[in-house]
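Reading through the structure tokens given below for one structure.
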Amino acid sequence: MTSLPPQPLSPLDGRYAATVGSLADYLSEAGLNRARVEVEVEWIIALTDRSLFGSAPLSDEQKTQLRGLYRNFGQAEIDWLGAKEAVTRHDVKAVEYLVRDRLSTLGLDAIAELTHFACTSEDINSASYALTVKRAVENVWLPKLHAVTAALGELARQHRDAPMLSRTHGQPATPSTMGKEIAVFAWRLARVAKQIEGGEYLAKFSGATGTWSAHLAAEPDVDWPELSRTFIEELGIDFNVLTTQIESHDWQVELYDRVRHAGGILHNLATDVWTYISLGFFAQIPVAGATGSSTMPHKINPIRFENAEANLEISGGLFATLASTLVTSRMQRDLTDSTTQRNIGVAFGHSLLALDNLQRGLTEISLSRDVLLADLDANWEVLAEAIQTVVRAEIAAGRSRITDPYALLKDLTRGRRVGAPELAEFVRGLDIGDAAKERLLALTPATYAGLADDLVSRLG
């Protein structure tokens, strides 16, 4: 058997590349290296802007040329770094050499020693990861989450008045509306999204053990913590002043736990919609040319929701591993975080793939209101709650001498099918006021949905 030509090992880089490829601009190895170059370049500019160590501020043209190293970062730089790292066996050192090489090309050899000045690799890495993860979340992942949430909001408003039988514990229960049930998911996701949007993306920039020791040895009269803070914040990320050699990664733990939380809600959505489809509440809209089953032509499988469910489980497991690993580091530094963080893009990739499937799946279903109404009409016993509650109110108001109304309704309905005629006869025989009796006689399972319709308005 012949060997295959080089193939992607991960489906994210193969089968699903078109769906998740936008993340690679930030969370790939090349995306990380581009951010590393950005941090190295901006640190040189920050030092020269302050005329430190005999340097002079660069001209606007020189700054533009220097920033071109990361703004125009491409295949030539990727290949250069690959070749250099094969020699250095150190990725950040290869980036430093790249910047030095390009400084020489630009005629800026005089400031070459300011490249990576007083930095440990983690100064560059923590800032680079903060930049790449923030940009991936804000530019790719969150917009997709918002798109799914918006789609849910639209469905909720569309079906706000569509009564449906609830199934608490899988059993017939007090009716709701399909719109209100979908609105619950939109509400939950919007809340978690707000938490994610308010999160920090922290970096440290304080040297080998977080003490600015080398900085002070080189120039004791500079307020290095304040300079570092200003530098990091001007990059658009947040500063962590108190660290070991590494930034402690707590912001990553918080972010990944929240993204995993959102994934749990989305998983709940996927399984609920799948169940509604199996009950016939939603009909699936045929997609031209698509095949549901290789042998049963009639089938339209709910693959979007099944795909989302599985990928959310994969991403959730990866995010849990990232969070549990990154929260700790032996003494001042170990390298468990290094290889772990290389999987950030994989975790977000599976999550993004799930979001994409949900977004598309929600456009491929239509509500079968006739099925909802038939289901309601077959379960009049759910009105037992309304009847016994009204009876209790009548007793409290002195208009009834019934004792233990709950037991009375339990005897009538528990484990039994009770139709409209039986309930009407039962209500007419109750010792309650005429107004209450008329309210109950007018009630049907389809009209017993409380404020479900109005609650959808809370989505805004």
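Labels for the structure tokens follow display order: chains A, B, ..., residues from 1 in each chain, ligands from 1.
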
(message) Taking the DSSP secondary structure from the backbone, can you list the residues of range 182-350 of chain A that are alpha helix (DSSP H), as a PyMOL selection string?
(response) chain A and resi 182-197+213-218+224-234+250-279+303-326+336-341+344-350

With range 431-443 of chain A as the partner and 12 Å as the cut-off, tabulate the residues of range 367-387 of chain A that qualify, each row holding the nearest pair of atoms and their distance in Å to one decimal, using only C-alpha atoms, sorted by chain and rising number, as JSON lines.
{"residue": "A:Asp377", "atom": "CA", "partner": "A:Leu443", "partner_atom": "CA", "distance": 11.9}
{"residue": "A:Trp380", "atom": "CA", "partner": "A:Leu443", "partner_atom": "CA", "distance": 9.9}
{"residue": "A:Glu381", "atom": "CA", "partner": "A:Leu443", "partner_atom": "CA", "distance": 11.9}
{"residue": "A:Val382", "atom": "CA", "partner": "A:Leu443", "partner_atom": "CA", "distance": 11.1}
{"residue": "A:Leu383", "atom": "CA", "partner": "A:Leu443", "partner_atom": "CA", "distance": 8.0}
{"residue": "A:Ala384", "atom": "CA", "partner": "A:Leu440", "partner_atom": "CA", "distance": 10.2}
{"residue": "A:Glu385", "atom": "CA", "partner": "A:Leu440", "partner_atom": "CA", "distance": 11.0}
{"residue": "A:Ala386", "atom": "CA", "partner": "A:Leu440", "partner_atom": "CA", "distance": 7.7}
{"residue": "A:Ile387", "atom": "CA", "partner": "A:Leu440", "partner_atom": "CA", "distance": 6.8}

For the residues in the current selection, export N, CA, C and O atoms as a PDB file, in the first residue's frame.
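Produced file out_7.pdb, reproduced below:
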ATOM      1  N   ASP A 377     -53.924  19.110  22.774  1.00  0.00           N
ATOM      2  CA  ASP A 377     -55.298  18.618  22.863  1.00  0.00           C
ATOM      3  C   ASP A 377     -55.372  17.193  23.387  1.00  0.00           C
ATOM      4  O   ASP A 377     -56.420  16.755  23.869  1.00  0.00           O
ATOM      5  N   TRP A 380     -55.214  17.069  28.222  1.00  0.00           N
ATOM      6  CA  TRP A 380     -56.008  18.010  29.023  1.00  0.00           C
ATOM      7  C   TRP A 380     -55.720  17.895  30.520  1.00  0.00           C
ATOM      8  O   TRP A 380     -55.996  18.816  31.282  1.00  0.00           O
ATOM      9  N   GLU A 381     -55.138  16.787  30.940  1.00  0.00           N
ATOM     10  CA  GLU A 381     -54.854  16.617  32.373  1.00  0.00           C
ATOM     11  C   GLU A 381     -53.874  17.653  32.907  1.00  0.00           C
ATOM     12  O   GLU A 381     -53.775  17.841  34.133  1.00  0.00           O
ATOM     13  N   VAL A 382     -53.140  18.349  32.004  1.00  0.00           N
ATOM     14  CA  VAL A 382     -52.202  19.366  32.493  1.00  0.00           C
ATOM     15  C   VAL A 382     -52.935  20.542  33.130  1.00  0.00           C
ATOM     16  O   VAL A 382     -52.307  21.349  33.834  1.00  0.00           O
ATOM     17  N   LEU A 383     -54.252  20.638  32.913  1.00  0.00           N
ATOM     18  CA  LEU A 383     -55.021  21.711  33.547  1.00  0.00           C
ATOM     19  C   LEU A 383     -55.290  21.424  35.015  1.00  0.00           C
ATOM     20  O   LEU A 383     -55.850  22.278  35.723  1.00  0.00           O
ATOM     21  N   ALA A 384     -54.898  20.240  35.496  1.00  0.00           N
ATOM     22  CA  ALA A 384     -55.103  19.918  36.912  1.00  0.00           C
ATOM     23  C   ALA A 384     -54.415  20.935  37.810  1.00  0.00           C
ATOM     24  O   ALA A 384     -54.934  21.290  38.884  1.00  0.00           O
ATOM     25  N   GLU A 385     -53.258  21.403  37.395  1.00  0.00           N
ATOM     26  CA  GLU A 385     -52.556  22.425  38.198  1.00  0.00           C
ATOM     27  C   GLU A 385     -53.396  23.674  38.336  1.00  0.00           C
ATOM     28  O   GLU A 385     -53.543  24.235  39.430  1.00  0.00           O
ATOM     29  N   ALA A 386     -53.969  24.136  37.220  1.00  0.00           N
ATOM     30  CA  ALA A 386     -54.792  25.349  37.248  1.00  0.00           C
ATOM     31  C   ALA A 386     -56.017  25.153  38.126  1.00  0.00           C
ATOM     32  O   ALA A 386     -56.369  26.026  38.939  1.00  0.00           O
ATOM     33  N   ILE A 387     -56.651  24.007  37.985  1.00  0.00           N
ATOM     34  CA  ILE A 387     -57.887  23.762  38.741  1.00  0.00           C
ATOM     35  C   ILE A 387     -57.614  23.745  40.235  1.00  0.00           C
ATOM     36  O   ILE A 387     -58.296  24.424  41.021  1.00  0.00           O
TER      37      ILE A 387
END

(message) Counting only C-alpha atoms, which residue out of A:Ala378, A:Ala407, A:Leu66, A:Ile303 sits closest to Ala420 in chain A?
(response)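 Selected residue with least distance to Ala420 in chain A: A:Ala378.
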
(request) Counting only C-alpha atoms, figure out which residue out of A:Leu189, A:Ile246, A:Ala130, A:Ile196 gets nearest to Ala208 in chain A. (result)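 Between A:Leu189, A:Ile246, A:Ala130, A:Ile196, the residue approaching Ala208 in chain A most closely is A:Ile246.
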
(request) Give the answer as one residue: which of A:Arg34, A:Arg428, A:Arg67, A:His261 has the shortest atom-to-atom distance to Arg188 in chain A, using only C-alpha atoms? (result)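 So, comparing all the options, the nearest one is A:His261.
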
(message) Show me, as a PyMOL selection string, the residues that have an atom within 10 Å of Ile402 in chain A when counting only C-alpha atoms, minus same-chain residues fewer than 3 positions from it.
(response) chain A and resi 391-392+394-395+399+405+408+430-432

Please write the residues from the selection above to a file, keeping all heavy atoms, as a tab-separated table (two decimals), in the first residue's frame.
chain	number	residue	atom	x	y	z
A	391	VAL	N	-58.97	26.39	43.07
A	391	VAL	CA	-59.74	25.90	44.22
A	391	VAL	C	-59.11	26.38	45.52
A	391	VAL	O	-59.80	26.83	46.45
A	391	VAL	CB	-59.85	24.36	44.19
A	391	VAL	CG1	-60.47	23.86	45.50
A	391	VAL	CG2	-60.69	23.91	43.01
A	392	ARG	N	-57.79	26.33	45.60
A	392	ARG	CA	-57.11	26.80	46.82
A	392	ARG	C	-57.37	28.28	47.05
A	392	ARG	O	-57.57	28.72	48.19
A	392	ARG	CB	-55.61	26.53	46.71
A	392	ARG	CG	-55.26	25.05	46.72
A	392	ARG	CD	-53.78	24.83	46.59
A	392	ARG	NE	-53.08	25.31	47.76
A	392	ARG	CZ	-51.74	25.35	47.87
A	392	ARG	NH1	-51.00	24.91	46.87
A	392	ARG	NH2	-51.19	25.80	48.97
A	394	GLU	N	-60.03	29.90	46.07
A	394	GLU	CA	-61.44	30.02	46.49
A	394	GLU	C	-61.60	29.66	47.96
A	394	GLU	O	-62.36	30.28	48.69
A	394	GLU	CB	-62.31	29.11	45.61
A	394	GLU	CG	-62.44	29.56	44.17
A	394	GLU	CD	-63.20	30.86	44.05
A	394	GLU	OE1	-64.43	30.87	44.25
A	394	GLU	OE2	-62.56	31.90	43.78
A	395	ILE	N	-60.87	28.62	48.40
A	395	ILE	CA	-60.90	28.25	49.82
A	395	ILE	C	-60.39	29.39	50.67
A	395	ILE	O	-61.00	29.77	51.70
A	395	ILE	CB	-60.08	26.97	50.07
A	395	ILE	CG1	-60.70	25.77	49.34
A	395	ILE	CG2	-59.95	26.69	51.56
A	395	ILE	CD1	-59.80	24.55	49.31
A	399	ARG	N	-64.86	31.04	49.67
A	399	ARG	CA	-65.92	30.70	48.72
A	399	ARG	C	-65.99	29.20	48.43
A	399	ARG	O	-66.66	28.76	47.51
A	399	ARG	CB	-65.72	31.46	47.40
A	399	ARG	CG	-65.93	32.97	47.53
A	399	ARG	CD	-65.93	33.65	46.17
A	399	ARG	NE	-64.61	33.66	45.56
A	399	ARG	CZ	-63.72	34.64	45.70
A	399	ARG	NH1	-64.02	35.69	46.46
A	399	ARG	NH2	-62.54	34.57	45.12
A	405	PRO	N	-57.51	20.17	47.96
A	405	PRO	CA	-57.77	20.17	46.51
A	405	PRO	C	-56.70	19.45	45.70
A	405	PRO	O	-56.99	18.89	44.66
A	405	PRO	CB	-57.84	21.66	46.17
A	405	PRO	CG	-57.09	22.36	47.27
A	405	PRO	CD	-57.34	21.54	48.50
A	408	LEU	N	-57.56	15.89	45.58
A	408	LEU	CA	-58.75	15.73	44.75
A	408	LEU	C	-58.38	15.63	43.27
A	408	LEU	O	-58.86	14.76	42.55
A	408	LEU	CB	-59.69	16.93	44.98
A	408	LEU	CG	-61.09	16.85	44.34
A	408	LEU	CD1	-61.91	15.72	44.96
A	408	LEU	CD2	-61.81	18.19	44.52
A	430	LEU	N	-67.63	21.36	41.09
A	430	LEU	CA	-66.80	21.87	42.19
A	430	LEU	C	-67.54	22.90	43.05
A	430	LEU	O	-68.36	23.68	42.53
A	430	LEU	CB	-65.53	22.52	41.63
A	430	LEU	CG	-64.46	21.58	41.07
A	430	LEU	CD1	-63.35	22.38	40.41
A	430	LEU	CD2	-63.88	20.69	42.17
A	431	ASP	N	-67.24	22.90	44.31
A	431	ASP	CA	-67.79	23.88	45.26
A	431	ASP	C	-66.90	25.13	45.23
A	431	ASP	O	-66.07	25.35	46.10
A	431	ASP	CB	-67.83	23.28	46.66
A	431	ASP	CG	-68.27	24.30	47.72
A	431	ASP	OD1	-69.05	25.22	47.36
A	431	ASP	OD2	-67.82	24.18	48.87
A	432	ILE	N	-67.06	25.94	44.18
A	432	ILE	CA	-66.32	27.19	44.04
A	432	ILE	C	-67.25	28.25	43.47
A	432	ILE	O	-68.35	27.93	42.99
A	432	ILE	CB	-65.09	27.04	43.11
A	432	ILE	CG1	-65.50	26.54	41.72
A	432	ILE	CG2	-64.06	26.09	43.73
A	432	ILE	CD1	-64.35	26.46	40.73

What's the 10 Å shell around range 223-234 of chain A, counting only C-alpha atoms, without same-chain residues fewer than 2 positions away, as a PDB file with C-alpha atoms, in the first residue's frame?
ATOM      1  CA  VAL A  39       5.480  42.968  20.486  1.00  0.00           C
ATOM      2  CA  GLU A  42       6.639  47.943  19.541  1.00  0.00           C
ATOM      3  CA  TRP A  43       9.043  47.456  22.472  1.00  0.00           C
ATOM      4  CA  ILE A  45       9.714  51.850  19.473  1.00  0.00           C
ATOM      5  CA  ALA A  46       8.729  52.355  23.123  1.00  0.00           C
ATOM      6  CA  LEU A  47      12.391  52.381  24.213  1.00  0.00           C
ATOM      7  CA  ARG A  50      12.051  57.602  25.456  1.00  0.00           C
ATOM      8  CA  ALA A 127       1.581  39.698  25.369  1.00  0.00           C
ATOM      9  CA  LEU A 202      -3.454  40.099  30.727  1.00  0.00           C
ATOM     10  CA  ALA A 203       0.248  40.235  29.934  1.00  0.00           C
ATOM     11  CA  LYS A 204       3.355  40.648  32.064  1.00  0.00           C
ATOM     12  CA  PHE A 205       6.503  42.491  31.006  1.00  0.00           C
ATOM     13  CA  SER A 206       8.775  42.258  34.013  1.00  0.00           C
ATOM     14  CA  THR A 211      11.109  41.556  39.331  1.00  0.00           C
ATOM     15  CA  TRP A 212      12.539  43.882  36.647  1.00  0.00           C
ATOM     16  CA  SER A 213      16.006  42.934  37.979  1.00  0.00           C
ATOM     17  CA  HIS A 215      16.035  46.436  33.831  1.00  0.00           C
ATOM     18  CA  LEU A 216      17.171  48.112  37.038  1.00  0.00           C
ATOM     19  CA  GLU A 219      19.065  51.741  34.150  1.00  0.00           C
ATOM     20  CA  PRO A 220      18.026  52.224  37.794  1.00  0.00           C
ATOM     21  CA  ASP A 221      16.445  55.645  37.241  1.00  0.00           C
ATOM     22  CA  GLY A 236      -4.642  47.198  23.701  1.00  0.00           C
ATOM     23  CA  ILE A 237      -4.368  44.546  26.409  1.00  0.00           C
ATOM     24  CA  ASP A 238      -4.238  44.532  30.213  1.00  0.00           C
ATOM     25  CA  PHE A 239      -1.209  44.555  32.498  1.00  0.00           C
ATOM     26  CA  ASN A 240      -0.375  42.134  35.302  1.00  0.00           C
ATOM     27  CA  VAL A 241       2.168  43.716  37.651  1.00  0.00           C
ATOM     28  CA  LEU A 242       2.687  40.829  40.079  1.00  0.00           C
TER      29      LEU A 242
END

(message) Under the rule that only C-alpha atoms are counted, which of A:Val92, A:Ala30, A:Cys119, A:Leu322 is the nearest residue to Ile78 in chain A?
(response) A:Ala30

(message) With only C-alpha atoms as the counted atoms, please give the residues lying no more than 10 Å from Leu69 in chain A, apart from itself and same-chain residues fewer than 5 positions off, as a list in words.
(response)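 Using only C-alpha atoms, the neighbours found are Arg34, Val37, Glu38, Val41, Thr64, Gly74, Glu77, Leu98, Val99, Arg102 and Leu103 of chain A.
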
(message) One decimal, in Å: what's the spacing between CA of Tyr16 in chain A and CA of Leu318 in chain A?
(response)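 Atom-to-atom, CA of Tyr16 in chain A to CA of Leu318 in chain A, that is 17.8 Å.
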
(request) Using only C-alpha atoms, find the one residue out of A:Asn311, A:Thr177, A:Thr105, A:Thr325 that sits nearest to Pro11 in chain A. (result)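 Among A:Asn311, A:Thr177, A:Thr105, A:Thr325, it is A:Asn311 that comes nearest to Pro11 in chain A.
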